[in-house]
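Undergrad: Got start_5.pdb for you, PDB, C-alpha atoms:
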```
ATOM      1  CA  MET Y  14     -63.781 -63.227   2.817
ATOM      2  CA  LEU Y  15     -61.499 -60.316   3.831
ATOM      3  CA  ASN Y  16     -63.079 -57.123   5.066
ATOM      4  CA  SER Y  17     -62.097 -53.855   3.408
ATOM      5  CA  ASN Y  18     -59.904 -52.636   6.267
ATOM      6  CA  ALA Y  19     -57.821 -55.829   6.383
ATOM      7  CA  PHE Y  20     -57.479 -55.806   2.599
ATOM      8  CA  THR Y  21     -56.286 -52.181   2.604
ATOM      9  CA  VAL Y  22     -53.669 -52.974   5.227
ATOM     10  CA  TYR Y  23     -52.550 -55.985   3.203
ATOM     11  CA  LEU Y  24     -52.205 -53.949  -0.007
ATOM     12  CA  PHE Y  25     -50.189 -51.262   1.734
ATOM     13  CA  THR Y  26     -47.908 -53.789   3.424
ATOM     14  CA  ALA Y  27     -47.433 -55.840   0.258
ATOM     15  CA  PHE Y  28     -46.596 -52.669  -1.679
ATOM     16  CA  LEU Y  29     -43.941 -51.643   0.838
ATOM     17  CA  LEU Y  30     -42.435 -55.120   0.729
ATOM     18  CA  ALA Y  31     -42.441 -55.084  -3.089
ATOM     19  CA  ILE Y  32     -40.460 -51.836  -3.365
ATOM     20  CA  THR Y  33     -38.006 -52.751  -0.610
ATOM     21  CA  PRO Y  34     -34.700 -53.832  -2.218
ATOM     22  CA  GLY Y  35     -34.222 -57.558  -1.820
ATOM     23  CA  PRO Y  36     -32.780 -60.602  -3.623
ATOM     24  CA  GLY Y  37     -35.429 -60.482  -6.371
ATOM     25  CA  ILE Y  38     -34.735 -56.861  -7.259
ATOM     26  CA  PHE Y  39     -30.965 -57.364  -7.206
ATOM     27  CA  TYR Y  40     -31.296 -60.473  -9.364
ATOM     28  CA  VAL Y  41     -33.345 -58.629 -12.005
ATOM     29  CA  ALA Y  42     -30.899 -55.718 -11.963
ATOM     30  CA  ALA Y  43     -28.008 -58.135 -12.442
ATOM     31  CA  ARG Y  44     -29.677 -59.861 -15.390
ATOM     32  CA  THR Y  45     -30.511 -56.517 -16.993
ATOM     33  CA  LEU Y  46     -26.962 -55.211 -16.672
ATOM     34  CA  SER Y  47     -25.704 -58.483 -18.086
ATOM     35  CA  GLY Y  48     -28.048 -58.997 -21.040
ATOM     36  CA  GLY Y  49     -30.098 -55.839 -21.491
ATOM     37  CA  ARG Y  50     -33.602 -54.629 -20.761
ATOM     38  CA  SER Y  51     -35.342 -57.520 -22.548
ATOM     39  CA  GLU Y  52     -33.602 -60.059 -20.339
ATOM     40  CA  GLY Y  53     -34.428 -58.026 -17.245
ATOM     41  CA  ILE Y  54     -38.124 -57.881 -18.083
ATOM     42  CA  ALA Y  55     -38.139 -61.578 -18.987
ATOM     43  CA  SER Y  56     -36.460 -62.374 -15.664
ATOM     44  CA  SER Y  57     -39.083 -60.287 -13.854
ATOM     45  CA  LEU Y  58     -41.919 -62.214 -15.492
ATOM     46  CA  GLY Y  59     -40.139 -65.505 -14.799
ATOM     47  CA  ASN Y  60     -39.751 -64.583 -11.141
ATOM     48  CA  GLY Y  61     -43.454 -63.790 -11.059
ATOM     49  CA  LEU Y  62     -44.403 -67.192 -12.432
ATOM     50  CA  GLY Y  63     -42.032 -68.862  -9.982
ATOM     51  CA  GLY Y  64     -43.663 -66.894  -7.180
ATOM     52  CA  LEU Y  65     -47.106 -68.099  -8.255
ATOM     53  CA  PHE Y  66     -45.781 -71.645  -7.885
ATOM     54  CA  HIS Y  67     -45.204 -70.953  -4.186
ATOM     55  CA  VAL Y  68     -48.629 -69.355  -3.852
ATOM     56  CA  VAL Y  69     -50.431 -72.362  -5.308
ATOM     57  CA  ALA Y  70     -48.237 -74.808  -3.389
ATOM     58  CA  GLY Y  71     -48.868 -72.904  -0.186
ATOM     59  CA  SER Y  72     -52.638 -72.943  -0.704
ATOM     60  CA  LEU Y  73     -52.490 -76.718  -1.150
ATOM     61  CA  GLY Y  74     -50.282 -77.233   1.899
ATOM     62  CA  VAL Y  75     -47.277 -78.432  -0.110
ATOM     63  CA  SER Y  76     -45.031 -75.606   1.069
ATOM     64  CA  ALA Y  77     -45.772 -76.401   4.700
ATOM     65  CA  ILE Y  78     -44.615 -79.970   4.075
ATOM     66  CA  VAL Y  79     -41.360 -78.745   2.513
ATOM     67  CA  LEU Y  80     -40.659 -76.422   5.437
ATOM     68  CA  ALA Y  81     -41.416 -79.204   7.903
ATOM     69  CA  SER Y  82     -38.795 -81.457   6.298
ATOM     70  CA  ALA Y  83     -35.175 -80.453   6.860
ATOM     71  CA  GLU Y  84     -34.062 -82.733   4.014
ATOM     72  CA  LEU Y  85     -36.456 -81.263   1.434
ATOM     73  CA  PHE Y  86     -35.714 -77.706   2.501
ATOM     74  CA  THR Y  87     -31.952 -78.281   2.254
ATOM     75  CA  ALA Y  88     -32.192 -80.020  -1.124
ATOM     76  CA  LEU Y  89     -34.302 -77.207  -2.560
ATOM     77  CA  LYS Y  90     -32.045 -74.410  -1.353
ATOM     78  CA  VAL Y  91     -28.835 -76.181  -2.481
ATOM     79  CA  VAL Y  92     -30.169 -76.702  -6.012
ATOM     80  CA  GLY Y  93     -31.358 -73.102  -6.221
ATOM     81  CA  ALA Y  94     -28.102 -71.721  -4.808
ATOM     82  CA  LEU Y  95     -25.878 -73.755  -7.130
ATOM     83  CA  TYR Y  96     -27.969 -72.673 -10.114
ATOM     84  CA  LEU Y  97     -27.471 -69.007  -9.205
ATOM     85  CA  VAL Y  98     -23.732 -69.489  -8.690
ATOM     86  CA  TRP Y  99     -23.439 -71.271 -12.034
ATOM     87  CA  MET Y 100     -25.288 -68.456 -13.840
ATOM     88  CA  GLY Y 101     -23.051 -65.899 -12.161
ATOM     89  CA  TYR Y 102     -19.894 -67.737 -13.192
ATOM     90  CA  ARG Y 103     -21.142 -68.076 -16.767
ATOM     91  CA  THR Y 104     -22.016 -64.369 -16.899
ATOM     92  CA  ILE Y 105     -18.511 -63.357 -15.801
ATOM     93  CA  ARG Y 106     -16.884 -65.795 -18.214
ATOM     94  CA  HIS Y 107     -18.933 -64.609 -21.209
ATOM     95  CA  ALA Y 108     -18.313 -60.964 -20.326
ATOM     96  CA  ARG Y 109     -14.568 -61.504 -20.542
ATOM     97  CA  LEU Y 110     -14.712 -63.640 -23.682
ATOM     98  CA  ASP Y 111     -16.966 -61.154 -25.497
ATOM     99  CA  TYR Y 112     -14.719 -58.250 -24.570
ATOM    100  CA  LYS Y 113     -11.572 -60.003 -25.791
ATOM    101  CA  SER Y 114     -13.031 -61.316 -29.054
ATOM    102  CA  LEU Y 115     -15.483 -58.638 -30.103
ATOM    103  CA  GLY Y 116     -14.718 -55.528 -28.125
ATOM    104  CA  HIS Y 117     -18.352 -55.262 -27.143
ATOM    105  CA  SER Y 118     -20.952 -57.369 -25.342
ATOM    106  CA  GLU Y 119     -23.958 -59.175 -26.717
ATOM    107  CA  PRO Y 120     -26.912 -60.538 -24.742
ATOM    108  CA  PRO Y 121     -25.517 -63.874 -23.519
ATOM    109  CA  VAL Y 122     -28.707 -65.874 -23.115
ATOM    110  CA  GLY Y 123     -31.729 -64.135 -24.610
ATOM    111  CA  ALA Y 124     -35.161 -63.334 -23.210
ATOM    112  CA  MET Y 125     -36.581 -66.866 -23.340
ATOM    113  CA  ARG Y 126     -33.652 -68.326 -21.417
ATOM    114  CA  ALA Y 127     -33.782 -65.440 -18.945
ATOM    115  CA  PHE Y 128     -37.491 -66.112 -18.400
ATOM    116  CA  ARG Y 129     -36.848 -69.799 -17.761
ATOM    117  CA  ASP Y 130     -33.997 -69.014 -15.391
ATOM    118  CA  GLY Y 131     -36.227 -66.601 -13.489
ATOM    119  CA  VAL Y 132     -38.907 -69.249 -13.057
ATOM    120  CA  LEU Y 133     -36.416 -71.860 -11.835
ATOM    121  CA  VAL Y 134     -34.569 -69.539  -9.468
ATOM    122  CA  GLU Y 135     -37.748 -68.320  -7.777
ATOM    123  CA  ALA Y 136     -39.502 -71.705  -7.734
ATOM    124  CA  MET Y 137     -36.469 -73.304  -6.060
ATOM    125  CA  ASN Y 138     -36.146 -70.599  -3.404
ATOM    126  CA  PRO Y 139     -37.403 -71.943  -0.050
ATOM    127  CA  LYS Y 140     -37.141 -68.448   1.454
ATOM    128  CA  THR Y 141     -40.082 -67.427  -0.738
ATOM    129  CA  THR Y 142     -42.022 -70.383   0.627
ATOM    130  CA  ALA Y 143     -41.276 -69.300   4.186
ATOM    131  CA  PHE Y 144     -42.283 -65.713   3.433
ATOM    132  CA  PHE Y 145     -45.681 -66.554   1.965
ATOM    133  CA  LEU Y 146     -46.535 -68.979   4.757
ATOM    134  CA  ALA Y 147     -45.548 -66.448   7.412
ATOM    135  CA  PHE Y 148     -47.060 -63.324   5.834
ATOM    136  CA  ILE Y 149     -50.280 -64.197   4.018
ATOM    137  CA  PRO Y 150     -52.052 -66.256   6.733
ATOM    138  CA  GLN Y 151     -52.100 -63.158   8.958
ATOM    139  CA  PHE Y 152     -54.676 -61.641   6.597
ATOM    140  CA  VAL Y 153     -56.747 -64.744   5.864
ATOM    141  CA  ASP Y 154     -60.198 -65.080   7.394
ATOM    142  CA  THR Y 155     -59.982 -68.575   8.862
ATOM    143  CA  SER Y 156     -63.696 -68.597   9.660
ATOM    144  CA  SER Y 157     -64.481 -68.586   5.947
ATOM    145  CA  ASP Y 158     -65.029 -71.698   3.837
ATOM    146  CA  HIS Y 159     -62.641 -70.329   1.192
ATOM    147  CA  VAL Y 160     -59.323 -70.171   3.029
ATOM    148  CA  ALA Y 161     -57.320 -71.625   0.118
ATOM    149  CA  LEU Y 162     -58.929 -69.192  -2.333
ATOM    150  CA  GLN Y 163     -58.083 -66.254  -0.083
ATOM    151  CA  PHE Y 164     -54.481 -67.448   0.095
ATOM    152  CA  VAL Y 165     -54.250 -67.641  -3.696
ATOM    153  CA  ILE Y 166     -55.798 -64.207  -4.252
ATOM    154  CA  LEU Y 167     -53.610 -62.475  -1.674
ATOM    155  CA  GLY Y 168     -50.525 -64.312  -2.899
ATOM    156  CA  ALA Y 169     -51.234 -63.394  -6.519
ATOM    157  CA  ILE Y 170     -51.564 -59.721  -5.551
ATOM    158  CA  SER Y 171     -48.212 -59.835  -3.755
ATOM    159  CA  VAL Y 172     -46.560 -61.521  -6.751
ATOM    160  CA  ALA Y 173     -48.058 -58.935  -9.136
ATOM    161  CA  LEU Y 174     -46.713 -56.052  -7.045
ATOM    162  CA  ASN Y 175     -43.283 -57.671  -6.824
ATOM    163  CA  THR Y 176     -43.242 -58.230 -10.592
ATOM    164  CA  LEU Y 177     -44.167 -54.613 -11.307
ATOM    165  CA  ALA Y 178     -41.384 -53.417  -9.009
ATOM    166  CA  ASP Y 179     -38.927 -55.744 -10.758
ATOM    167  CA  ILE Y 180     -39.949 -54.419 -14.181
ATOM    168  CA  VAL Y 181     -39.358 -50.831 -13.027
ATOM    169  CA  VAL Y 182     -35.886 -51.893 -11.868
ATOM    170  CA  ALA Y 183     -35.276 -53.591 -15.230
ATOM    171  CA  PHE Y 184     -36.062 -50.354 -17.081
ATOM    172  CA  ALA Y 185     -33.834 -48.320 -14.753
ATOM    173  CA  ALA Y 186     -30.936 -50.755 -15.054
ATOM    174  CA  GLY Y 187     -31.520 -50.916 -18.818
ATOM    175  CA  ARG Y 188     -31.080 -47.148 -19.097
ATOM    176  CA  LEU Y 189     -27.831 -47.403 -17.169
ATOM    177  CA  ARG Y 190     -26.607 -50.127 -19.501
ATOM    178  CA  ASP Y 191     -27.674 -48.206 -22.635
ATOM    179  CA  GLY Y 192     -25.764 -45.166 -21.420
ATOM    180  CA  ALA Y 193     -22.619 -47.279 -21.263
ATOM    181  CA  ALA Y 194     -23.114 -48.898 -24.692
ATOM    182  CA  SER Y 195     -20.322 -46.877 -26.279
ATOM    183  CA  ARG Y 196     -17.864 -47.925 -23.580
ATOM    184  CA  PRO Y 197     -17.067 -51.651 -23.994
ATOM    185  CA  ASN Y 198     -14.849 -51.752 -20.918
ATOM    186  CA  LEU Y 199     -17.647 -50.387 -18.728
ATOM    187  CA  ILE Y 200     -20.090 -52.898 -20.207
ATOM    188  CA  ARG Y 201     -17.664 -55.684 -19.331
ATOM    189  CA  CYS Y 202     -17.345 -54.371 -15.771
ATOM    190  CA  LEU Y 203     -21.130 -54.142 -15.411
ATOM    191  CA  ARG Y 204     -21.571 -57.711 -16.650
ATOM    192  CA  GLU Y 205     -18.818 -59.006 -14.375
ATOM    193  CA  GLY Y 206     -20.372 -57.147 -11.449
ATOM    194  CA  SER Y 207     -23.793 -58.593 -12.233
ATOM    195  CA  GLY Y 208     -22.275 -62.074 -12.354
ATOM    196  CA  GLY Y 209     -20.673 -61.472  -8.984
ATOM    197  CA  ALA Y 210     -24.020 -60.321  -7.600
ATOM    198  CA  MET Y 211     -25.650 -63.581  -8.762
ATOM    199  CA  ILE Y 212     -22.906 -65.582  -7.052
ATOM    200  CA  MET Y 213     -23.426 -63.612  -3.828
ATOM    201  CA  LEU Y 214     -27.185 -64.194  -4.000
ATOM    202  CA  GLY Y 215     -26.531 -67.911  -4.440
ATOM    203  CA  CYS Y 216     -24.228 -67.957  -1.424
ATOM    204  CA  GLY Y 217     -26.833 -66.063   0.596
ATOM    205  CA  LEU Y 218     -29.485 -68.609  -0.334
ATOM    206  CA  LEU Y 219     -27.128 -71.458   0.581
ATOM    207  CA  LEU Y 220     -26.802 -70.005   4.095
ATOM    208  CA  ALA Y 221     -30.570 -69.708   4.562
ATOM    209  CA  LYS Y 222     -31.857 -71.588   7.595
ATOM    210  CA  ARG Y 223     -35.097 -73.522   7.843
ATOM    211  CA  PRO Y 224     -37.700 -71.625   9.887
ATOM    212  CA  VAL Y 225     -38.341 -73.268  13.238
ATOM    213  CA  ALA Y 226     -41.867 -73.195  14.574
TER     214      ALA Y 226
END
```
Render the structure in this file as structure tokens.

TA:
Amino acid sequence: MLNSNAFTVYLFTAFLLAITPGPGIFYVAARTLSGGRSEGIASSLGNGLGGLFHVVAGSLGVSAIVLASAELFTALKVVGALYLVWMGYRTIRHARLDYKSLGHSEPPVGAMRAFRDGVLVEAMNPKTTAFFLAFIPQFVDTSSDHVALQFVILGAISVALNTLADIVVAFAAGRLRDGAASRPNLIRCLREGSGGAMIMLGCGLLLAKRPVA
């Protein structure tokens, strides 16, 4: 198994990667601004479960197969990208409808739906697959008989750190949203902006290229 020095380096590197702003953090912030802190936390946990899917798949070699196939990689990223774009469009539409009819915004989907969306978005993101297969093997002791177990443990640690960072972002974005609760127009703008951010993330995923060995 891993020696203590290699494990320390891995923890430090994984922590830095977790707190570095990326698509996951922006997605959670967008969901929080759109539906509140509960949706942000639910999205964070959903992203975590979706990330564990890639960890398990990677340990079994499934992710390597997906990355080796241009057709599978393209299909996965297109589905994930279109799902993000659709959620972004729906967020913008509901923000405008709520503002016109009620003068204030209500959580558009709820925590359970946000959790499910988080799982689907992360599980269908081939860029996460590429990241785990490129990053984790550098710290795996290939001379051991438990290579797959090492991959799962290291991957789970990375997912846990990412999830914790996302939850912190959800609380921060939730405070921003709560501070604007008495200003319906600002709430509408925040929700429209979060919808636009989801659409941009979807477009970014659509432009992702398959890693070439």

Undergrad: Need to verify the contact set: region 56-72 of chain Y, 6 Å, only C-alpha atoms, exclusion of same-chain residues closer than 6 positions in sequence. Can you return it as a list in words?

TA: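 Counting only the stated atoms, we get Ala127, Phe128, Gly131, Val132, Glu135, Ala136, Thr142, Ala161, Phe164, Val165, Gly168, Val172, Thr176, Asp179 and Ile180 of chain Y.
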
Undergrad: Expand the PyMOL selection byres ((chain Y and resi 199-212) around 6) into the individual residues it matches in the shown file, reporting them as a PyMOL selection string.

TA: chain Y and resi 43+46-47+97-98+101+104-105+108+196-198+213-215

Undergrad: Residues around (-38.1, -49.9, -15.1), cut-off 12 Å, counting only C-alpha atoms - what are they as a tab-separated table (two decimals) with C-alpha atoms, in the frame of the given file?

TA:
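Once written, selection.tsv looks like this:
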```
chain	number	residue	atom	x	y	z
Y	38	ILE	CA	-34.74	-56.86	-7.26
Y	41	VAL	CA	-33.34	-58.63	-12.00
Y	42	ALA	CA	-30.90	-55.72	-11.96
Y	45	THR	CA	-30.51	-56.52	-16.99
Y	49	GLY	CA	-30.10	-55.84	-21.49
Y	50	ARG	CA	-33.60	-54.63	-20.76
Y	51	SER	CA	-35.34	-57.52	-22.55
Y	53	GLY	CA	-34.43	-58.03	-17.24
Y	54	ILE	CA	-38.12	-57.88	-18.08
Y	57	SER	CA	-39.08	-60.29	-13.85
Y	176	THR	CA	-43.24	-58.23	-10.59
Y	177	LEU	CA	-44.17	-54.61	-11.31
Y	178	ALA	CA	-41.38	-53.42	-9.01
Y	179	ASP	CA	-38.93	-55.74	-10.76
Y	180	ILE	CA	-39.95	-54.42	-14.18
Y	181	VAL	CA	-39.36	-50.83	-13.03
Y	182	VAL	CA	-35.89	-51.89	-11.87
Y	183	ALA	CA	-35.28	-53.59	-15.23
Y	184	PHE	CA	-36.06	-50.35	-17.08
Y	185	ALA	CA	-33.83	-48.32	-14.75
Y	186	ALA	CA	-30.94	-50.76	-15.05
Y	187	GLY	CA	-31.52	-50.92	-18.82
Y	188	ARG	CA	-31.08	-47.15	-19.10
Y	189	LEU	CA	-27.83	-47.40	-17.17
```

Undergrad: Quick one: distance from CA of Met125 (chain Y) to CA of Asp191 (chain Y) in Å, one decimal?

TA: 20.7 Å

Undergrad: Once the PyMOL selection byres ((chain Y and resi 26) around 12) is applied to the coordinates I shared, what remains selected? I want it as a list in words.

TA: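 With the PyMOL selection byres ((chain Y and resi 26) around 12) on this model, the match is Ala19, Phe20, Thr21, Val22, Tyr23, Leu24, Phe25, Ala27, Phe28, Leu29, Leu30, Ala31, Ile32, Thr33, Phe148, Ile149, Gln151, Phe152, Leu167, Ile170, Ser171, Leu174 and Asn175 of chain Y.
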
Undergrad: Measure the distance from CA of Phe86 (chain Y) to CA of Lys140 (chain Y) in Å and round it to one decimal.

TA: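 Straight-line distance from CA of Phe86 (chain Y) to CA of Lys140 (chain Y) works out to 9.4 Å.
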
Undergrad: If you measure from CA of Arg190 (chain Y) to CA of Cys216 (chain Y), what distance in Å do you get, rounded to one decimal?

TA: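 Here the two named atoms are 25.5 Å from each other.
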